[in-house]
Structure formats: C-alpha cells, structure tokens
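Beneath this line is the structure, given in structure tokens, with notes to follow.
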Amino acid sequence: MEALSNALQPHKDMVGQVASVVTIAQFFSGAFVCKDIHKKGTTKGTAATPFIGGVVIGLLMLRLGLLMNDAAMIQVNVAAVFLNILYTAFYYVYSSDKYEEVLKPLGIGSTIAAVILGYAQLENPENLEFRYGLITTVLMLLLLGAPFIRSASSVPICAYDFKEIIDKKDASSIPFPLTFMGTIVTFLWLIYGIILLNYFMIFQNVIAFILCLIQLVLLILYPGPAGQNKKEKDL
C-alpha cells in the first residue's frame with residue numbers, strides 16, 4: 001500500500017480536486033430525487049434518511065477535514081451540508097407525516113451530531129484523529145445502507161430488506177442517481193485515501209464502493225414496474 005501511495009503522490013492535488021468536483025456534482029443528483037417527488041406530489045416510496053444522513057455525515061466529516069487540515073474534504077463537506085439541508089427542506093414540504101418522516105429522524109440525527117462533535121471538543125488531541133475517524137467510519141457505513149433502512153430510528157437490517165427486494169423483484173426504492181454517482185465518488189475517494197495513506201478513508205470507501213455496486217446490480221436486475229415497462233417497450 002505504501003508503494004502505491006508513493007507512486008500516486010505527484011497526483012495528490014489533481015485527484016483531490018477531481019474527487020471534490022465530482023462529489024459536489026454527485027450531491028446535485030439529489031435534485032433528481034426531489035424532481036421525482038415533485039412529479040408524484042408525494043414522498044411515498046422515498047425516504048428522507050439519505051438527505052438527513054447527508055447533513056449529519058457532512059457536519060462530522062467537515063470536522064474531520066478541519067482536523068486533518070485537508071482542503072478537498074473541507075470544501076466537499078461544506079457543499080454536502082448546504083445542499084442536503086435544501087433537499088431535506090424540500091422533502092419536508094411534500095411529506096404527509098412530517099413528524100415521522102422528517103422531524104423525528106432529523107432530531108435523532110441532530111442529537112448524534114451534537115454528541116459526537118461535543119466529544120471531539122473534549123477528547124485528548126493525541127487520540128482524537130484515530131477515535132473520531134473510527135466513529136465517522138461506522139456512521140458512514142450506516143448511511144450507505146440507507147436505502148435498505150426501514151426507518152431512521154432503527155438499526156440497519158440490510159439482510160431483511162435485501163430479501164424483500166428479491167422476493168418482490170422491485171428495487172425501485174433505491175434512488176438510482178444517488179447510487180450511480182456514489183459508485184464513482186467512492187472510487188475517487190478510495191484513490192485519494194490511498195494517496196494520503198489514511199486507512200479509515202480507505203476502509204470507508206472500499207466498503208462504500210462495494211455497497212454501491214450491490215445496489216446498482218439490484219437496480220439492474222429488479223428495476224420495478226416502471227423500469228420493467230420501459231424494457232418491454234424497448235424490446
């Protein structure tokens with residue numbers, strides 16, 4: 001790994017900048033989800049968890065970027081927080097049960113962010129980067145499983161929902177724009193993590209990349225009624 005990191009060092013700034021630009025572009029894929037919500041006139045079938053989780057993780061990763069003094073991470077997570085707040089507000093307008101769909105998970109997310117950011121202020125600086133990196137890694141993995149989460153207040157139960165998707169042969173609840181762009185983004189940040197030789201970033205993005213690929217495969221195999229109708233028309 002060190003040999004690969006050393007070989008990529010001359011490209012650090014370029015990879016970091018490309019990863020930042022593509023990631024910020026990926027955040028705009030949330031607009032397509034919002035467009036679908038507007039078209040349907042309801043949030044039914046779409047969870048607010050990815051947007052609310054995006055705000056929480058954005059805040060926590062912004063703190064990590066400041067801790068590492070990494071410009072690429074800082075600019076990306078400022079954009080993440082801003083855009084996901086907008087998407088959450090849009091979702092709130094169209095949600096039928098505002099408390100259960102938005103306010104409750106938002107309250108849980110805000111509490112988690114406040115506790116972890118408060119911990120970061122109290123932790124010994126010598127231990128902070130490692131322990132904080134471990135915490136953000138766990139939360140990042142929980143967010144990546146968001147399309148499989150039944151509700152924002154429950155523990156991810158990927159196996160159950162995975163089985164449900166296969167049984168129903170319908171993965172339309174997984175937002176394709178977010179998943180497709182997420183696959184590209186996680187690969188770029190994996191390369192950047194290797195350059196920095198940051199094992200938390202490497203681990204986060206290896207797992208994230210695999211999860212995104214699994215979700216893409218599910219979308220291809222089980223596009224749902226709308227996708228199936230489109231395939232039949234094309235034939």
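Ordered as shown in the structure tokens, chains take letters A, B, and onward, while each chain numbers its residues from 1 and ligands are numbered from 1 in the order shown.
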Would you mind listing, for every residue of region 17-63 of chain A within 7 Å of region 183-195 of chain A, the two atoms forming the shortest contact and the distance between them in Å to one decimal, using only C-alpha atoms, sorted by chain and ascending residue number, as a tab-separated table?
residue	atom	partner	partner_atom	distance
A:Ala19	CA	A:Leu188	CA	5.4
A:Val22	CA	A:Val185	CA	6.5
A:Thr23	CA	A:Val185	CA	5.7
Q: Output as a ChimeraX atom specification all residues of region 60-192 of chain A that backbone DSSP marks as alpha helix (DSSP H).
A: /A:60-68,71-94,98,104-122,125-144,158-168,176-192
Q) Hey, can you check how far CA of Tyr87 (chain A) sits from CA of Ile74 (chain A)? A)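 Interatomic distance, CA of Tyr87 (chain A) to CA of Ile74 (chain A): 20.2 Å.
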Taking only C-alpha atoms into account, produce a table as a tab-separated table in which each residue of region 89-122 of chain A with an atom at most 10 Å from an atom of region 52-73 of chain A appears once, together with its shortest atom pair and the distance in Å to one decimal, ordered by chain and rising number.
residue	atom	partner	partner_atom	distance
A:Ala89	CA	A:Ile52	CA	9.8
A:Val102	CA	A:Ile52	CA	8.1
A:Leu103	CA	A:Ile52	CA	9.8
A:Pro105	CA	A:Ile52	CA	7.4
A:Leu106	CA	A:Ile52	CA	6.1
A:Gly107	CA	A:Ile52	CA	9.7
A:Ile108	CA	A:Ile52	CA	9.7
A:Gly109	CA	A:Val56	CA	6.1
A:Ser110	CA	A:Val56	CA	6.9
A:Thr111	CA	A:Val56	CA	9.5
A:Ile112	CA	A:Val56	CA	8.0
A:Ala113	CA	A:Val56	CA	5.9
A:Ala114	CA	A:Val56	CA	9.4
A:Ile116	CA	A:Leu60	CA	7.8
A:Leu117	CA	A:Leu60	CA	7.1
A:Ala120	CA	A:Arg63	CA	8.7
Q: Skip Leu86 (chain A) itself and residues of its chain fewer than 6 positions away, then list as a ChimeraX atom specification all residues within 10 Å of it, counting only C-alpha atoms.
A: /A:30-31,51,55,92
Q | Computed interatomic separation between CA of Val81 (chain A) and CA of Lys98 (chain A) (Å) | A |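 Answer for the CA of Val81 (chain A) to CA of Lys98 (chain A) separation: 20.6 Å.
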Q. What gap, in Å, lies between CA of Glu129 (chain A) and CA of Leu196 (chain A)?
A.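 So the two atoms, CA of Glu129 (chain A) and CA of Leu196 (chain A), lie 14.0 Å apart.
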